[in-house]
Amino acid sequence: METIVPSVNTTKEELQERVDYMANKALQLEQLAKTDEHEAMRQFIILKKFANKEYHVLTLQKN
């Protein structure tokens with residue numbers, strides 16, 4: 001999923017969809033960790049960086 005580009009047309013549903021994506025991905029990675037801990041950690045780091053970037057973009061003063 002690409003980083004969000006907020007605008008005046010960004011809806012609550014679009015934001016909720018992104019939150020749901022991250023939550024579902026985290027649950028999938030939790031299951032993966034039971035069989036491949038190394039790969040799960042690698043993907044968790046990618047997810048964390050994505051979440052941090054989303055947070056940064058959404059909290060910029062211009063938004």
# chains A, B, ... in the order shown; residues from 1 in each chain; ligands from 1
>>> residues_around(residues="Ile46 in chain A", least_positions_apart="3", cutoff="12 Å", atoms="only C-alpha atoms", output="list of chain:residue names")
A:Met1, A:Met22, A:Lys25, A:Ala26, A:Leu29, A:Glu39, A:Ala40, A:Met41, A:Arg42, A:Gln43, A:Lys49, A:Phe50, A:Ala51, A:Asn52, A:Lys53
>>> residues_around(residues="range 5-21 of chain A", least_positions_apart="3", cutoff="12 Å", atoms="only C-alpha atoms", output="list in words")
Met1, Glu2, Asn24, Lys25, Ala26, Leu27, Gln28, Leu47, Phe50, Ala51, Lys53, Glu54, Tyr55, His56, Val57, Leu58, Thr59, Leu60, Gln61, Lys62 and Asn63 of chain A
>>> write_last_selection(atoms="N, CA and C atoms", output="mmCIF file, in the first residue's frame")
data_model
loop_
_atom_site.group_PDB
_atom_site.id
_atom_site.type_symbol
_atom_site.label_atom_id
_atom_site.label_comp_id
_atom_site.auth_asym_id
_atom_site.auth_seq_id
_atom_site.Cartn_x
_atom_site.Cartn_y
_atom_site.Cartn_z
ATOM 1 N N MET A 1 0.851 -1.171 0.000
ATOM 2 C CA MET A 1 0.000 0.000 0.000
ATOM 3 C C MET A 1 0.900 1.239 0.000
ATOM 4 N N GLU A 2 0.556 2.202 -0.820
ATOM 5 C CA GLU A 2 1.340 3.426 -0.901
ATOM 6 C C GLU A 2 0.951 4.389 0.215
ATOM 7 N N ASN A 24 -4.868 -5.868 10.189
ATOM 8 C CA ASN A 24 -4.953 -7.199 9.596
ATOM 9 C C ASN A 24 -3.564 -7.735 9.251
ATOM 10 N N LYS A 25 -2.714 -6.872 8.734
ATOM 11 C CA LYS A 25 -1.345 -7.277 8.395
ATOM 12 C C LYS A 25 -0.603 -7.705 9.656
ATOM 13 N N ALA A 26 -0.785 -6.984 10.741
ATOM 14 C CA ALA A 26 -0.134 -7.331 12.007
ATOM 15 C C ALA A 26 -0.604 -8.699 12.501
ATOM 16 N N LEU A 27 -1.894 -8.984 12.346
ATOM 17 C CA LEU A 27 -2.412 -10.302 12.749
ATOM 18 C C LEU A 27 -1.820 -11.412 11.885
ATOM 19 N N GLN A 28 -1.696 -11.162 10.590
ATOM 20 C CA GLN A 28 -1.084 -12.144 9.690
ATOM 21 C C GLN A 28 0.366 -12.406 10.088
ATOM 22 N N LEU A 47 6.218 -2.923 8.140
ATOM 23 C CA LEU A 47 4.909 -2.394 8.535
ATOM 24 C C LEU A 47 5.064 -1.207 9.482
ATOM 25 N N PHE A 50 6.043 1.832 7.541
ATOM 26 C CA PHE A 50 4.875 2.313 6.806
ATOM 27 C C PHE A 50 3.954 3.101 7.740
ATOM 28 N N ALA A 51 3.675 2.552 8.917
ATOM 29 C CA ALA A 51 2.799 3.223 9.881
ATOM 30 C C ALA A 51 3.391 4.555 10.326
ATOM 31 N N LYS A 53 5.433 6.469 8.613
ATOM 32 C CA LYS A 53 5.348 7.399 7.481
ATOM 33 C C LYS A 53 3.925 7.956 7.362
ATOM 34 N N GLU A 54 2.923 7.072 7.502
ATOM 35 C CA GLU A 54 1.527 7.513 7.461
ATOM 36 C C GLU A 54 1.269 8.554 8.557
ATOM 37 N N TYR A 55 1.723 8.249 9.767
ATOM 38 C CA TYR A 55 1.532 9.162 10.888
ATOM 39 C C TYR A 55 2.185 10.507 10.596
ATOM 40 N N HIS A 56 3.413 10.453 10.086
ATOM 41 C CA HIS A 56 4.137 11.689 9.779
ATOM 42 C C HIS A 56 3.360 12.539 8.752
ATOM 43 N N VAL A 57 2.914 11.907 7.676
ATOM 44 C CA VAL A 57 2.198 12.631 6.625
ATOM 45 C C VAL A 57 0.888 13.211 7.156
ATOM 46 N N LEU A 58 0.177 12.442 7.955
ATOM 47 C CA LEU A 58 -1.131 12.891 8.442
ATOM 48 C C LEU A 58 -1.031 13.966 9.525
ATOM 49 N N THR A 59 0.122 14.071 10.178
ATOM 50 C CA THR A 59 0.252 15.076 11.244
ATOM 51 C C THR A 59 1.033 16.311 10.814
ATOM 52 N N LEU A 60 1.402 16.402 9.554
ATOM 53 C CA LEU A 60 2.053 17.622 9.076
ATOM 54 C C LEU A 60 1.127 18.816 9.283
ATOM 55 N N GLN A 61 1.675 19.942 9.614
ATOM 56 C CA GLN A 61 0.895 21.121 9.948
ATOM 57 C C GLN A 61 -0.040 21.517 8.796
ATOM 58 N N LYS A 62 0.392 21.334 7.560
ATOM 59 C CA LYS A 62 -0.440 21.743 6.433
ATOM 60 C C LYS A 62 -1.680 20.864 6.258
ATOM 61 N N ASN A 63 -1.694 19.679 6.895
ATOM 62 C CA ASN A 63 -2.839 18.780 6.782
ATOM 63 C C ASN A 63 -3.784 19.035 7.921
#
>>> select_by_dssp(residues="chain A", states="alpha helix (DSSP H)", output="MDAnalysis selection string")
chainID A and resid 12:32 37:58
